[in-house]
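Visitor: Sending over protein30.cif (mmCIF, C-alpha atoms and all ligand atoms).
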data_query
loop_
_atom_site.group_PDB
_atom_site.id
_atom_site.type_symbol
_atom_site.label_atom_id
_atom_site.label_comp_id
_atom_site.auth_asym_id
_atom_site.auth_seq_id
_atom_site.Cartn_x
_atom_site.Cartn_y
_atom_site.Cartn_z
ATOM 1 C CA MET S 1 -24.307 -2.756 0.834
ATOM 2 C CA ALA S 2 -26.773 -5.226 -0.643
ATOM 3 C CA PRO S 3 -28.085 -7.843 1.806
ATOM 4 C CA GLU S 4 -26.732 -10.724 -0.239
ATOM 5 C CA ALA S 5 -23.251 -9.168 -0.050
ATOM 6 C CA LEU S 6 -23.593 -8.744 3.690
ATOM 7 C CA ALA S 7 -24.493 -12.400 4.007
ATOM 8 C CA ARG S 8 -21.281 -13.349 2.273
ATOM 9 C CA VAL S 9 -19.153 -11.463 4.801
ATOM 10 C CA SER S 10 -21.163 -12.184 7.910
ATOM 11 C CA PRO S 11 -19.867 -14.131 10.898
ATOM 12 C CA GLY S 12 -20.175 -17.811 10.193
ATOM 13 C CA SER S 13 -18.676 -17.590 6.726
ATOM 14 C CA ALA S 14 -16.269 -20.443 6.021
ATOM 15 C CA VAL S 15 -13.402 -17.990 5.598
ATOM 16 C CA PRO S 16 -13.443 -14.782 7.640
ATOM 17 C CA ARG S 17 -13.222 -11.866 5.305
ATOM 18 C CA ALA S 18 -11.064 -9.433 7.209
ATOM 19 C CA ALA S 19 -7.960 -9.182 9.334
ATOM 20 C CA ILE S 20 -7.508 -6.157 11.553
ATOM 21 C CA THR S 21 -3.849 -5.627 12.349
ATOM 22 C CA PHE S 22 -1.978 -3.251 14.652
ATOM 23 C CA ASP S 23 1.643 -2.205 14.312
ATOM 24 C CA VAL S 24 2.645 -1.957 17.962
ATOM 25 C CA GLU S 25 5.124 0.906 18.100
ATOM 26 C CA ASP S 26 5.308 4.171 20.035
ATOM 27 C CA TRP S 27 4.504 7.673 18.824
ATOM 28 C CA TYR S 28 8.187 8.462 18.201
ATOM 29 C CA HIS S 29 8.922 5.483 15.937
ATOM 30 C CA PRO S 30 7.252 6.510 12.633
ATOM 31 C CA GLU S 31 9.621 7.723 9.936
ATOM 32 C CA LEU S 32 7.965 11.135 9.666
ATOM 33 C CA ALA S 33 8.042 11.935 13.391
ATOM 34 C CA ARG S 34 11.290 10.302 14.487
ATOM 35 C CA PRO S 35 13.757 12.979 13.247
ATOM 36 C CA HIS S 36 11.804 15.647 15.151
ATOM 37 C CA VAL S 37 11.643 13.873 18.513
ATOM 38 C CA ALA S 38 13.897 15.390 21.175
ATOM 39 C CA ALA S 39 16.827 13.295 22.369
ATOM 40 C CA GLY S 40 16.059 11.629 25.686
ATOM 41 C CA GLU S 41 12.281 11.715 25.087
ATOM 42 C CA THR S 42 10.720 9.143 27.386
ATOM 43 C CA ARG S 43 6.989 9.743 27.035
ATOM 44 C CA SER S 44 5.105 6.724 25.761
ATOM 45 C CA VAL S 45 1.532 6.183 24.592
ATOM 46 C CA VAL S 46 1.730 2.612 23.355
ATOM 47 C CA ARG S 47 0.308 1.162 26.562
ATOM 48 C CA GLU S 48 -2.718 3.491 26.509
ATOM 49 C CA GLY S 49 -3.317 2.880 22.808
ATOM 50 C CA VAL S 50 -3.170 -0.885 23.139
ATOM 51 C CA ALA S 51 -5.508 -0.800 26.148
ATOM 52 C CA VAL S 52 -8.171 1.017 24.107
ATOM 53 C CA ILE S 53 -7.770 -1.428 21.219
ATOM 54 C CA LEU S 54 -7.928 -4.521 23.420
ATOM 55 C CA ASP S 55 -11.087 -3.190 25.015
ATOM 56 C CA LEU S 56 -12.787 -2.658 21.621
ATOM 57 C CA LEU S 57 -11.789 -6.144 20.459
ATOM 58 C CA ARG S 58 -12.885 -7.756 23.710
ATOM 59 C CA ARG S 59 -16.334 -6.176 23.505
ATOM 60 C CA ARG S 60 -16.857 -7.722 20.082
ATOM 61 C CA ALA S 61 -15.029 -10.974 20.926
ATOM 62 C CA LEU S 62 -12.704 -10.546 17.942
ATOM 63 C CA ARG S 63 -9.175 -11.713 17.386
ATOM 64 C CA ALA S 64 -6.587 -9.520 15.686
ATOM 65 C CA THR S 65 -2.950 -9.622 14.626
ATOM 66 C CA PHE S 66 -0.421 -7.444 16.454
ATOM 67 C CA PHE S 67 2.897 -6.788 14.698
ATOM 68 C CA VAL S 68 4.954 -5.982 17.768
ATOM 69 C CA LEU S 69 8.136 -3.929 17.585
ATOM 70 C CA GLY S 70 10.998 -5.526 19.535
ATOM 71 C CA GLU S 71 11.810 -2.272 21.347
ATOM 72 C CA VAL S 72 8.242 -2.156 22.665
ATOM 73 C CA ALA S 73 8.371 -5.805 23.764
ATOM 74 C CA GLU S 74 11.618 -5.056 25.576
ATOM 75 C CA ARG S 75 10.292 -1.936 27.331
ATOM 76 C CA PHE S 76 6.790 -3.250 28.081
ATOM 77 C CA PRO S 77 6.888 -7.059 28.257
ATOM 78 C CA ASP S 78 3.634 -7.093 30.236
ATOM 79 C CA LEU S 79 1.897 -5.394 27.301
ATOM 80 C CA VAL S 80 2.866 -8.244 24.969
ATOM 81 C CA ARG S 81 1.615 -10.718 27.565
ATOM 82 C CA ALA S 82 -1.703 -8.836 27.810
ATOM 83 C CA ILE S 83 -2.172 -8.968 24.019
ATOM 84 C CA ALA S 84 -1.352 -12.689 23.902
ATOM 85 C CA ALA S 85 -3.548 -13.430 26.911
ATOM 86 C CA ASP S 86 -6.573 -12.157 24.951
ATOM 87 C CA GLY S 87 -5.893 -14.751 22.255
ATOM 88 C CA HIS S 88 -4.513 -12.409 19.594
ATOM 89 C CA GLU S 89 -1.769 -13.303 17.159
ATOM 90 C CA ILE S 90 1.658 -11.901 17.997
ATOM 91 C CA ALA S 91 3.745 -11.177 14.911
ATOM 92 C CA CYS S 92 6.950 -9.258 14.176
ATOM 93 C CA HIS S 93 7.470 -5.587 13.247
ATOM 94 C CA GLY S 94 11.283 -5.684 13.502
ATOM 95 C CA MET S 95 13.348 -4.481 16.440
ATOM 96 C CA THR S 96 14.090 -0.759 16.073
ATOM 97 C CA HIS S 97 11.635 0.379 13.360
ATOM 98 C CA ARG S 98 14.458 1.099 10.954
ATOM 99 C CA PRO S 99 12.985 0.570 7.472
ATOM 100 C CA LEU S 100 14.393 -2.083 5.140
ATOM 101 C CA TRP S 101 15.848 0.725 2.998
ATOM 102 C CA ALA S 102 18.311 1.388 5.862
ATOM 103 C CA LEU S 103 19.288 -2.275 6.320
ATOM 104 C CA ASP S 104 21.146 -5.013 4.503
ATOM 105 C CA ARG S 105 20.666 -8.775 4.798
ATOM 106 C CA GLU S 106 22.751 -9.196 7.906
ATOM 107 C CA SER S 107 21.475 -6.159 9.817
ATOM 108 C CA PHE S 108 17.916 -7.209 8.929
ATOM 109 C CA ARG S 109 18.614 -10.707 10.212
ATOM 110 C CA ARG S 110 19.884 -9.165 13.436
ATOM 111 C CA GLU S 111 16.681 -7.090 13.728
ATOM 112 C CA LEU S 112 14.596 -10.265 13.377
ATOM 113 C CA ARG S 113 16.634 -12.197 15.923
ATOM 114 C CA ASP S 114 16.730 -9.360 18.479
ATOM 115 C CA SER S 115 12.997 -8.905 18.072
ATOM 116 C CA ARG S 116 12.401 -12.625 18.520
ATOM 117 C CA ALA S 117 14.513 -12.606 21.679
ATOM 118 C CA ALA S 118 12.462 -9.686 23.069
ATOM 119 C CA ARG S 119 9.182 -11.490 22.381
ATOM 120 C CA ARG S 120 10.501 -14.692 23.879
ATOM 121 C CA ALA S 121 11.664 -12.850 27.012
ATOM 122 C CA ALA S 122 8.176 -11.329 27.345
ATOM 123 C CA LEU S 123 6.141 -14.435 26.622
ATOM 124 C CA GLY S 124 8.388 -17.324 27.630
ATOM 125 C CA HIS S 125 7.927 -18.767 24.150
ATOM 126 C CA GLU S 126 8.018 -17.487 20.595
ATOM 127 C CA GLU S 127 5.960 -18.602 17.653
ATOM 128 C CA ALA S 128 5.559 -15.556 15.413
ATOM 129 C CA VAL S 129 5.285 -16.569 11.765
ATOM 130 C CA GLY S 130 4.192 -13.216 10.310
ATOM 131 C CA PHE S 131 6.188 -10.069 9.584
ATOM 132 C CA ARG S 132 5.404 -6.484 8.621
ATOM 133 C CA ALA S 133 8.196 -4.149 7.576
ATOM 134 C CA PRO S 134 8.359 -0.718 9.246
ATOM 135 C CA THR S 135 6.915 1.945 6.917
ATOM 136 C CA PHE S 136 5.823 -0.752 4.423
ATOM 137 C CA SER S 137 9.439 -0.596 3.247
ATOM 138 C CA LEU S 138 9.277 -3.843 1.266
ATOM 139 C CA ASP S 139 9.501 -2.760 -2.371
ATOM 140 C CA PRO S 140 11.485 -3.864 -5.432
ATOM 141 C CA SER S 141 14.676 -2.379 -3.940
ATOM 142 C CA THR S 142 14.368 -4.437 -0.727
ATOM 143 C CA ALA S 143 12.845 -7.671 -2.061
ATOM 144 C CA TRP S 144 15.930 -9.553 -0.751
ATOM 145 C CA ALA S 145 14.237 -9.340 2.666
ATOM 146 C CA LEU S 146 11.803 -12.143 1.735
ATOM 147 C CA GLU S 147 14.659 -14.652 1.527
ATOM 148 C CA VAL S 148 15.931 -13.617 4.948
ATOM 149 C CA LEU S 149 12.421 -13.910 6.384
ATOM 150 C CA ARG S 150 12.105 -17.459 5.076
ATOM 151 C CA GLU S 151 15.543 -18.406 6.387
ATOM 152 C CA GLU S 152 14.530 -17.057 9.799
ATOM 153 C CA GLY S 153 11.405 -19.219 9.900
ATOM 154 C CA PHE S 154 8.670 -16.786 8.876
ATOM 155 C CA LEU S 155 5.771 -18.128 6.828
ATOM 156 C CA TYR S 156 3.985 -14.978 5.725
ATOM 157 C CA ASP S 157 4.615 -11.299 5.162
ATOM 158 C CA SER S 158 2.233 -8.365 5.183
ATOM 159 C CA SER S 159 4.472 -5.524 4.009
ATOM 160 C CA VAL S 160 3.349 -5.049 0.415
ATOM 161 C CA PHE S 161 1.280 -1.938 -0.181
ATOM 162 C CA PRO S 162 0.021 -2.800 -3.661
ATOM 163 C CA MET S 163 0.224 0.652 -5.231
ATOM 164 C CA ARG S 164 2.838 3.359 -5.160
ATOM 165 C CA VAL S 165 2.102 6.265 -2.778
ATOM 166 C CA ARG S 166 4.347 9.063 -1.537
ATOM 167 C CA LEU S 167 6.501 7.065 0.894
ATOM 168 C CA TYR S 168 6.165 3.439 -0.153
ATOM 169 C CA GLY S 169 4.391 0.845 -2.255
ATOM 170 C CA VAL S 170 4.779 -1.750 -5.015
ATOM 171 C CA ALA S 171 3.184 -0.627 -8.270
ATOM 172 C CA GLY S 172 1.333 -3.415 -10.059
ATOM 173 C CA ALA S 173 1.431 -5.914 -7.167
ATOM 174 C CA PRO S 174 -1.519 -8.315 -6.866
ATOM 175 C CA LEU S 175 -4.312 -6.995 -4.649
ATOM 176 C CA GLY S 176 -5.107 -10.342 -3.023
ATOM 177 C CA ILE S 177 -3.080 -12.945 -1.146
ATOM 178 C CA TYR S 178 -0.241 -14.275 -3.324
ATOM 179 C CA ARG S 179 3.270 -15.733 -3.324
ATOM 180 C CA PRO S 180 5.815 -13.214 -4.604
ATOM 181 C CA ALA S 181 8.185 -14.531 -7.260
ATOM 182 C CA ALA S 182 11.899 -14.482 -6.456
ATOM 183 C CA GLY S 183 13.218 -11.243 -7.903
ATOM 184 C CA ASN S 184 9.798 -9.805 -8.758
ATOM 185 C CA LEU S 185 7.572 -8.720 -5.879
ATOM 186 C CA ALA S 186 4.763 -7.780 -8.230
ATOM 187 C CA ARG S 187 4.414 -11.254 -9.760
ATOM 188 C CA HIS S 188 2.697 -14.296 -8.251
ATOM 189 C CA ASP S 189 4.669 -17.532 -8.353
ATOM 190 C CA PRO S 190 2.961 -20.619 -6.873
ATOM 191 C CA ARG S 191 6.454 -21.851 -5.915
ATOM 192 C CA GLY S 192 7.213 -18.647 -3.987
ATOM 193 C CA THR S 193 8.524 -19.442 -0.515
ATOM 194 C CA LEU S 194 6.498 -16.891 1.471
ATOM 195 C CA VAL S 195 2.834 -15.958 1.438
ATOM 196 C CA GLU S 196 2.067 -12.256 1.038
ATOM 197 C CA PHE S 197 -1.081 -10.720 2.559
ATOM 198 C CA PRO S 198 -1.122 -7.205 1.066
ATOM 199 C CA VAL S 199 -2.827 -4.204 2.603
ATOM 200 C CA ALA S 200 -6.344 -3.563 1.294
ATOM 201 C CA VAL S 201 -6.327 -1.334 -1.776
ATOM 202 C CA GLY S 202 -9.453 -0.678 -3.828
ATOM 203 C CA ALA S 203 -9.487 -0.927 -7.622
ATOM 204 C CA LEU S 204 -11.711 0.875 -10.069
ATOM 205 C CA GLY S 205 -10.465 -0.109 -13.504
ATOM 206 C CA PRO S 206 -6.842 1.008 -13.620
ATOM 207 C CA LEU S 207 -7.333 3.345 -10.636
ATOM 208 C CA ARG S 208 -6.274 2.204 -7.200
ATOM 209 C CA LEU S 209 -7.518 3.703 -3.959
ATOM 210 C CA PRO S 210 -5.615 3.270 -0.685
ATOM 211 C CA VAL S 211 -8.121 2.475 2.061
ATOM 212 C CA GLY S 212 -6.453 -0.118 4.299
ATOM 213 C CA GLY S 213 -5.725 1.917 7.392
ATOM 214 C CA GLY S 214 -3.735 4.642 9.083
ATOM 215 C CA PHE S 215 -4.034 7.998 7.344
ATOM 216 C CA TYR S 216 -6.390 6.644 4.648
ATOM 217 C CA LEU S 217 -8.827 5.313 7.189
ATOM 218 C CA ARG S 218 -8.723 8.641 9.057
ATOM 219 C CA ALA S 219 -8.962 10.849 5.976
ATOM 220 C CA LEU S 220 -11.650 9.114 3.917
ATOM 221 C CA PRO S 221 -15.298 9.740 4.719
ATOM 222 C CA SER S 222 -17.045 6.680 6.139
ATOM 223 C CA TRP S 223 -19.360 6.231 3.146
ATOM 224 C CA LEU S 224 -16.428 5.975 0.734
ATOM 225 C CA LEU S 225 -14.432 3.798 3.115
ATOM 226 C CA HIS S 226 -17.317 1.374 3.580
ATOM 227 C CA ARG S 227 -18.275 1.291 -0.082
ATOM 228 C CA THR S 228 -14.688 0.524 -1.133
ATOM 229 C CA LEU S 229 -13.990 -1.990 1.635
ATOM 230 C CA ASP S 230 -17.313 -3.772 1.041
ATOM 231 C CA ARG S 231 -16.427 -4.171 -2.607
ATOM 232 C CA ILE S 232 -13.001 -5.586 -1.725
ATOM 233 C CA ALA S 233 -14.453 -7.934 0.913
ATOM 234 C CA ARG S 234 -16.790 -9.450 -1.662
ATOM 235 C CA GLU S 235 -13.757 -10.473 -3.704
ATOM 236 C CA ARG S 236 -10.908 -11.214 -1.276
ATOM 237 C CA PRO S 237 -10.000 -11.030 2.410
ATOM 238 C CA LEU S 238 -9.448 -7.500 3.695
ATOM 239 C CA SER S 239 -6.256 -6.519 5.453
ATOM 240 C CA LEU S 240 -6.580 -3.407 7.616
ATOM 241 C CA TYR S 241 -4.007 -1.717 9.838
ATOM 242 C CA LEU S 242 -3.749 0.908 12.551
ATOM 243 C CA HIS S 243 -1.251 1.944 15.206
ATOM 244 C CA PRO S 244 -1.803 2.214 18.963
ATOM 245 C CA TRP S 245 -0.536 5.827 18.834
ATOM 246 C CA GLU S 246 -3.449 6.681 16.534
ATOM 247 C CA CYS S 247 -5.828 5.369 19.216
ATOM 248 C CA ALA S 248 -4.129 6.831 22.306
ATOM 249 C CA PRO S 249 -5.989 9.613 24.122
ATOM 250 C CA HIS S 250 -2.985 11.953 24.592
ATOM 251 C CA LEU S 251 -0.672 11.810 21.605
ATOM 252 C CA PRO S 252 2.460 13.991 21.969
ATOM 253 C CA ARG S 253 2.927 16.077 18.842
ATOM 254 C CA VAL S 254 6.013 17.346 17.075
ATOM 255 C CA ARG S 255 6.216 20.160 14.549
ATOM 256 C CA LEU S 256 6.181 18.669 11.050
ATOM 257 C CA ALA S 257 6.085 20.031 7.510
ATOM 258 C CA PRO S 258 2.431 20.630 6.515
ATOM 259 C CA VAL S 259 1.951 17.475 4.422
ATOM 260 C CA ASP S 260 3.741 15.271 6.969
ATOM 261 C CA GLY S 261 1.658 16.829 9.764
ATOM 262 C CA LEU S 262 -1.500 16.077 7.813
ATOM 263 C CA ILE S 263 -0.496 12.449 7.256
ATOM 264 C CA THR S 264 0.406 11.986 10.913
ATOM 265 C CA TYR S 265 -2.329 13.892 12.737
ATOM 266 C CA PHE S 266 -5.340 14.328 10.438
ATOM 267 C CA GLY S 267 -8.616 12.904 11.712
ATOM 268 C CA LEU S 268 -7.316 11.273 14.885
ATOM 269 C CA ASP S 269 -10.625 11.997 16.627
ATOM 270 C CA SER S 270 -12.407 9.834 14.082
ATOM 271 C CA VAL S 271 -10.243 6.725 14.524
ATOM 272 C CA LEU S 272 -12.034 4.933 17.336
ATOM 273 C CA PRO S 273 -15.613 5.392 16.063
ATOM 274 C CA LYS S 274 -14.510 4.379 12.562
ATOM 275 C CA LEU S 275 -12.600 1.372 13.873
ATOM 276 C CA ASP S 276 -15.531 0.252 15.974
ATOM 277 C CA ARG S 277 -17.909 0.477 13.010
ATOM 278 C CA LEU S 278 -15.516 -1.565 10.874
ATOM 279 C CA LEU S 279 -15.215 -4.187 13.593
ATOM 280 C CA GLY S 280 -18.975 -4.624 13.477
ATOM 281 C CA ARG S 281 -19.120 -4.722 9.692
ATOM 282 C CA TYR S 282 -16.989 -7.716 8.711
ATOM 283 C CA SER S 283 -16.109 -11.168 9.947
ATOM 284 C CA PHE S 284 -12.637 -10.999 11.488
ATOM 285 C CA ASP S 285 -9.878 -13.426 12.293
ATOM 286 C CA THR S 286 -6.120 -13.178 12.684
ATOM 287 C CA MET S 287 -4.014 -13.068 9.527
ATOM 288 C CA ARG S 288 -2.612 -16.479 10.341
ATOM 289 C CA GLY S 289 -6.125 -17.823 10.911
ATOM 290 C CA ILE S 290 -7.343 -16.520 7.551
ATOM 291 C CA LEU S 291 -4.293 -17.881 5.732
ATOM 292 C CA GLU S 292 -4.738 -21.293 7.339
ATOM 293 C CA ARG S 293 -8.484 -21.466 6.771
ATOM 294 C CA SER S 294 -8.131 -20.435 3.145
ATOM 295 C CA GLY S 295 -5.417 -23.036 2.476
ATOM 296 C CA HIS S 296 -2.537 -20.607 1.958
ATOM 297 C CA LEU S 297 -0.744 -21.944 5.042
ATOM 298 C CA ALA S 298 -0.801 -25.384 6.603
ATOM 299 C CA PRO S 299 -2.762 -25.366 9.873
ATOM 300 C CA ALA S 300 -0.633 -25.014 12.996
ATOM 301 C CA LYS S 301 -0.155 -28.330 14.803
ATOM 302 C CA GLU S 302 -1.581 -26.825 17.966
ATOM 303 C CA SER S 303 -3.324 -23.539 18.606
HETATM 304 ZN ZN ZN R 401 5.523 0.762 12.077
#
Please express the file's structure as structure tokens.
Ligand SMILES: [Zn+2]
Guide:
Amino acid sequence: MAPEALARVSPGSAVPRAAITFDVEDWYHPELARPHVAAGETRSVVREGVAVILDLLRRRALRATFFVLGEVAERFPDLVRAIAADGHEIACHGMTHRPLWALDRESFRRELRDSRAARRAALGHEEAVGFRAPTFSLDPSTAWALEVLREEGFLYDSSVFPMRVRLYGVAGAPLGIYRPAAGNLARHDPRGTLVEFPVAVGALGPLRLPVGGGFYLRALPSWLLHRTLDRIARERPLSLYLHPWECAPHLPRVRLAPVDGLITYFGLDSVLPKLDRLLGRYSFDTMRGILERSGHLAPAKES
């Protein structure tokens, strides 16, 4: 990276250039693993994974956004309190991790309300304004969810993966922060009721390269990851994501089809060193902080 580019993304910039986000779920919640998990399975790694993440963030004095699943908040309320106590943003990842494809308006509304109740029981208050759909399941077939989010008091969403990949994605969606038009997720409408903070995707002409987190972060070599993310960060705020189960020292494994096994387990050893290098590379804030500082959301009355 050229020094002048580094200067533009260094701490002290007016608008931090990156949000690191964590979808706080357990190892048995992801869509690929869930059907293969034995009934009555009680092992959990979310606590260990979050502990490692909080430690990395604390050492660099960074704030992140945690999209917490309601089931996790219900089972481990102290974990949600520990995340909040470090000054991180608590946001919503639904209640049960059922994707939007499996829900309708009313069952989605119930997910949001149950999840809110779980966070409130853990924290004693509830002020989440951000949402991320399980399995990035917001796509043209589930765009109705944005209306429900707005009705339930959410101000921003971070569920759009702005390219189509095997499981999810919105082809042709804007790569930067935008307001999705009613009825067309891929089009910006300044009158749109919710702000969308899409996952980082690189662009080289018409080609798009998924780099924002999870499998992509594990699978791509660091030089390509950094080169692509640096280029994005020069143009727009980055949005990165990982899961505590990817960071946990002892991840239980289930037998998956080869491609699904690759997506779920490839490169887990590389996650923490790669994450730590990324944390030192950009200027980070919470998603809400970036949206407020860049004028996409009105500043909270109190913080
Ligand atoms: Zn998830």
Visitor: Specify as number ranges by chain each residue included when the PyMOL selection byres (((chain S and resi 165) around 12) and not hetatm) is applied to this file.
Guide: S: 135-137, 139, 160-164, 166-171, 201, 208-211, 215-216
Visitor: Quick one, how far is atom CA of S:Gly280 from atom CA of S:His226?
Guide: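 Atom-to-atom, atom CA of S:Gly280 to atom CA of S:His226, that is 11.7 Å.
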Visitor: Just checking: using only C-alpha atoms, which residue out of S:Val199, S:Leu194, S:Leu268, S:Ala118 ends up closest to S:Ala248?
Guide: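 Smallest separation from S:Ala248 among the options: S:Leu268.
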Visitor: At a cut-off of 10 Å and counting all atoms listed in the file, what residues surround ligand ZN 401 (chain R)? Please answer as a list of chain:residue names.
Guide: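 The distance check yields S:Phe22, S:Asp23, S:Val24, S:Glu25, S:Asp26, S:Trp27, S:His29, S:Pro30, S:Glu31, S:Phe67, S:Val68, S:Leu69, S:His93, S:Gly94, S:Thr96, S:His97, S:Arg98, S:Pro99, S:Arg132, S:Ala133, S:Pro134, S:Thr135, S:Phe136, S:Ser137, S:Leu242, S:His243.
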Visitor: With all atoms listed in the file as the basis for distance, which of S:His88, S:Arg179, S:Arg43, S:Arg191 is at the shortest distance from S:Thr65?
Guide: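 Of all the options, S:His88 lies closest to S:Thr65.
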Visitor: What's around stretch 123-130 of chain S at 9 Å? Count only C-alpha atoms, leave out sequence neighbours fewer than 2 positions away in its own chain, and write the answer as a list in words.
Guide: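 Non-adjacent residues within range: Phe67, Pro77, Asp78, Val80, Arg81, Ala84, Glu89, Ile90, Ala91, Cys92, His93, Arg116, Ala117, Ala118, Arg119, Arg120, Ala121, Arg132, Gly153, Phe154, Leu155, Tyr156, Asp157, Ser158, Met287 and Arg288 of chain S.
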Visitor: When you count all atoms listed in the file, which of these residues is closest to S:Glu41: S:Pro252, S:Ile232, S:Gly202, S:Trp144?
Guide: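 The shortest atom-to-atom distance to S:Glu41 comes from S:Pro252.
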Visitor: Atom CA of S:Ala186 to atom CA of S:Tyr282: how many Å, to one decimal?
Guide: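 Separation of atom CA of S:Ala186 and atom CA of S:Tyr282: 27.6 Å.
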Visitor: Could you name the residues that touch S:Leu278 at 12 Å or less, counting all atoms listed in the file, but leaving out those on the same chain fewer than 3 positions away, as a ChimeraX atom specification?
Guide: /S:17-20,56-57,60,62,212-213,217,222-223,225-227,229-230,233,238-241,271-275,281-284
Visitor: Identify, on the basis of only C-alpha atoms, every residue whose closest approach to S:Leu103 does not exceed 10 Å; exclude the query and any residue fewer than 6 positions from it along the same chain; express the result as number ranges by chain.
Guide: S: 109-111, 142, 145
Visitor: Between S:Asp269, S:Thr42, S:Gly214, S:Asp189, which is the closest to S:Pro249 once you count all atoms listed in the file?
Guide: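 Checking each candidate against S:Pro249, we get S:Asp269 as the closest.
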